[in-house]
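Working notes, structure below.
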Amino acid sequence: MDWKQKNVLVIGAGVSGFAAAKLARRFGAAVTLSDAKTEDELEKLGDDFSKLRELGVALAFGPQQESLLESVDTVIVSPAVPVRIPLIQAAYEKGIRVMSEVELAYDIIAESPICAVTGTNGKTTTTTLLGLLLETHYDKVGVGGNIGVPLSEEALRIGKGGCIAAEISSYQMEATEHFHPHISSLLNVTPDHIVRHGSMEVYQAMKERIFREETPDDYVVLNYDDEKTRGMKARTQAQVCYFSRREELEEGVFVRGSVRDGLLVIRWQGEEHALCRTDELGIKGPHNVENALAAIAVAFFAGCEPALMVPVLKSFRGVEHRIEYVTTIDGVPYYNDSKATNTDSAIKALETFDGHIVLLAGGDDKMTDLTDFMKLVCERVDALVLIGRAAARFYGAAVENGFPEERIYAAGYSMRKAVKIAHALAKEPGVVLLSPACASFDMYHNMAERGRDFKHLVHELEQQK
């Protein structure tokens with residue numbers, strides 16, 4: 001797309017909105033950035049608009065009137081902004097092109113392949129590992145998207161002759177029409193973001209947009225063990241490769257033998273490649289075996305040699321905020337799993353440990369069903385420390401599923417109090433685990449801020465010893 005002399009409206013500030021505004025301006029467009037919040041509110045959240053002003057980006061804060069669309073050729077939507085808002089609906093009605101920041105990235109990097117990863121859980125770990133695997137084959141590798149670095153910025157940095165590992169969320173796909181990765185992977189689909197999308201059906205449809213533009217020359221990697229993703233084969237034109245930690249597949253990427261010490265195998269078009277055992281992986285837990293299988297499959301189709309993947313698989317230790325070891329105090333290890341913003345992700349964290357868990361949970365409630373989560377809490381958790389807006393509902397669900405009331409502790413909206421309670425309760429051979437099963441917005445700007453606060457408070461305790 002030729003951006004020169006175009007009038008572009010970017011809706012939504014934040015990381016992606018800033019990146020889109022800067023790039024569109026750099027390519028010669030006249031750009032306005034609009035956000036429904038006031039400038040004071042945004043600055044309190046840490047936004048700094050000085051660089052945008054220097055670039056000549058016009059800023060429009062507060063109520064978003066339809067007049068903002070006058071003379072606009074293209075609207076770029078930040079992931080946090082739902083397309084149902086009146087301003088975006090008005091743009092559709094006027095025939096104005098509406099696109100996401102990730103589609104802008106695709107427009108920039110059409111000559112370098114994008115390897116896109118989505119799913120309810122495991123996206124960040126899989127995408128980060130994938131980026132490292134791609135480095136065994138490509139001189140220039142980018143890692144961006146929902147992972148923290150805007151995909152458009154990485155696309156501009158990499159240019160031609162490289163490859164990008166992209167973490168893609170359902171929010172990012174909502175305003176996307178022509179995003180076309182060469183290889184995509186859908187890890188799993190479980191209840192999440194229902195408030196944003198309205199139903200599980202719409203949520204899954206947003207996920208499936210990741211492979212909508214793919215052709216028979218492209219690949220989609222699907223989780224065979226997840227019923228919803230397994231059935232997606234019928235709705236894609238791309239070549240399908242399944243991965244499985246439970247089944248030895250006739251063709252695909254799988255575990256041969258026990259999930260604890262079995263062999264990771266690629267079997268594709270009559271050839272077979274053995275990599276390493278599951279117990280040699282640097283990341284632990286059954287869910288991380290799935291993440292590794294998906295990353296292996298995508299890297300394989302991107303041209304990576306299986307033998308060169310093995311050292312990376314053995315050395316990769318995971319990502320911040322995902323079952324991240326913090327420290328050990330009085331013989332009890334502390335783990336930060338702030339990235340567990342839904343019950344399915346928290347369940348995977350609980351399954352990683354054998355039991356005797358002091359669990360810190362709660363936050364900004366997504367109102368998903370808690371039954372399966374609380375059943376596992378009853379099996380593996382010694383004490384439940386609840387925080388944030390979800391505390392009352394979590395308390396009720398825990399008791400209803402048989403968890404003893406006397407082992408539930410309330411910390412209100414204080415992570416400091418929660419950590420203090422957990423420390424007082426934790427004994428060997430137990431663990432302290434922050435795995436909230438909730439978003440963070442009732443107490444923090446994002447899950448990363450929550451996780452870092454938890455780690456800071458734990459290290460404070462350690463220093464007092």
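Ordering of the structure tokens sets the chain letters (A, B, ...), residue numbers begin anew at 1 in every chain, and ligands are numbered from 1 in the order given.
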Give me the residues near region 240-254 of chain A as a compact mmCIF listing (two decimals) with C-alpha atoms, in the first residue's frame, where near means some atom within 8 Å (using only C-alpha atoms) and where sequence neighbours in that chain fewer than 5 positions away do not count.
```txt
# COMPACT_ATOMS: atom_id res chain seq x y z
CA TYR A 219 1.28 -24.52 6.48
CA VAL A 220 -0.92 -24.59 9.55
CA VAL A 221 0.22 -26.46 12.67
CA LEU A 222 -2.67 -27.73 14.83
CA ASN A 223 -2.91 -29.42 18.22
CA TYR A 224 -4.25 -32.93 17.61
CA ASP A 225 -5.00 -33.38 21.33
CA ARG A 230 -8.10 -30.77 15.46
CA LYS A 233 -8.31 -28.95 9.29
CA VAL A 259 5.34 -37.76 28.16
CA LEU A 264 10.30 -35.82 20.41
CA VAL A 265 9.86 -36.90 16.78
CA ILE A 266 9.17 -35.19 13.46
CA ARG A 267 7.58 -37.51 10.87
CA TRP A 268 6.80 -35.84 7.56
CA GLN A 269 6.52 -37.09 3.96
CA PRO A 286 3.17 -31.38 30.06
CA VAL A 289 5.89 -30.31 25.89
CA GLU A 290 2.98 -29.18 23.70
CA LEU A 293 6.16 -29.60 19.74
CA ALA A 294 4.36 -26.67 18.11
CA ILE A 296 9.46 -27.50 16.44
CA ALA A 297 6.83 -28.02 13.74
```
All alpha helix (DSSP H) residues (DSSP, backbone) inside region 254-460 of chain A, as a ChimeraX atom specification | /A:286-301,306-315,343-352,371-380,391-400,415-425,447-460
Backbone DSSP call of strand (DSSP E or B) for region 50-298 of chain A, listed as a PyMOL selection string | chain A and resi 58-61+74-77+97-100+114-118+141-145+163-167+183-186+219-223+239-244+252-256+263-268+271-277
Residue nearest Ala295 (chain A) - candidates A:Val385, A:Ala166, A:Leu433, A:Leu461, atoms counted: only C-alpha atoms =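 Looking at the shortest contact to Ala295 (chain A), the residue is A:Ala166.
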Would you mind listing what lies within 6 Å of region 76-89 of chain A as a PyMOL selection string, with only C-alpha atoms counted and same-chain residues fewer than 2 positions away left out?
-> chain A and resi 10-12+16-17+66+91-92+98-100+171-172
Please produce an output containing N, CA and C atoms for each residue in the selection, written as a CSV table (one decimal), in the first residue's frame.
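Saved as out_28.csv:
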```csv
chain,number,residue,atom,x,y,z
A,10,VAL,N,-5.5,6.5,13.6
A,10,VAL,CA,-5.2,5.4,14.5
A,10,VAL,C,-6.1,5.5,15.7
A,11,ILE,N,-6.8,4.5,16.0
A,11,ILE,CA,-7.7,4.5,17.1
A,11,ILE,C,-7.2,3.6,18.2
A,12,GLY,N,-6.9,4.3,19.4
A,12,GLY,CA,-6.3,3.6,20.5
A,12,GLY,C,-4.8,3.9,20.7
A,16,SER,N,0.9,-0.6,20.6
A,16,SER,CA,0.5,-0.8,19.2
A,16,SER,C,0.1,0.4,18.5
A,17,GLY,N,-0.7,1.3,19.1
A,17,GLY,CA,-1.2,2.5,18.5
A,17,GLY,C,-0.1,3.5,18.2
A,66,GLU,N,-17.9,11.1,15.1
A,66,GLU,CA,-17.8,10.6,13.8
A,66,GLU,C,-17.0,11.6,12.8
A,91,ALA,N,-16.9,3.8,10.3
A,91,ALA,CA,-15.9,3.7,9.3
A,91,ALA,C,-16.3,2.6,8.3
A,92,TYR,N,-16.7,1.4,8.8
A,92,TYR,CA,-17.2,0.3,8.0
A,92,TYR,C,-18.3,0.8,7.1
A,98,VAL,N,-10.6,-0.6,7.3
A,98,VAL,CA,-10.2,-0.7,8.7
A,98,VAL,C,-9.2,-1.9,8.8
A,99,MET,N,-8.1,-1.6,9.5
A,99,MET,CA,-7.1,-2.7,9.6
A,99,MET,C,-6.4,-2.6,11.0
A,100,SER,N,-5.9,-3.8,11.3
A,100,SER,CA,-5.1,-3.9,12.6
A,100,SER,C,-3.7,-3.5,12.4
A,171,TYR,N,-7.7,-10.5,19.9
A,171,TYR,CA,-8.0,-9.0,19.8
A,171,TYR,C,-7.3,-8.5,18.5
A,172,GLN,N,-6.1,-9.0,18.2
A,172,GLN,CA,-5.4,-8.4,17.0
A,172,GLN,C,-6.0,-8.9,15.7
```
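The gap separating CA of Thr341 (chain A) from CA of His197 (chain A) is 16.5 Å, in Å to one decimal.
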Shell around Val377 (chain A) at 10 Å using only C-alpha atoms, local window under 5 positions removed, as a ChimeraX atom specification = /A:346-347,350-351,355,357-359,371-372,382-384,398,401-403
Which is closer to Leu130 (chain A) than all the others in A:Cys304, A:Arg97, A:Thr74, A:Ser199, using only C-alpha atoms?
-> A:Cys304
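Checking A:Val141, A:Val75, A:Ala105, A:Leu263 one by one against Gly161 (chain A), counting only C-alpha atoms, you find the shortest gap at A:Val141.
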Which residue of A:Ala36, A:Cys276, A:Ala418, A:Ile387 approaches Asp442 (chain A) most closely, using only C-alpha atoms |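 Of all the options, A:Ile387 lies closest to Asp442 (chain A).
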For CA of His287 (chain A) and CA of Cys163 (chain A), quote the distance in Å rounded to one decimal.
-> 25.8 Å
d(CA of Ser435 (chain A), CA of Ala165 (chain A)) in Å |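 According to the coordinates, CA of Ser435 (chain A) and CA of Ala165 (chain A) are separated by 26.2 Å.
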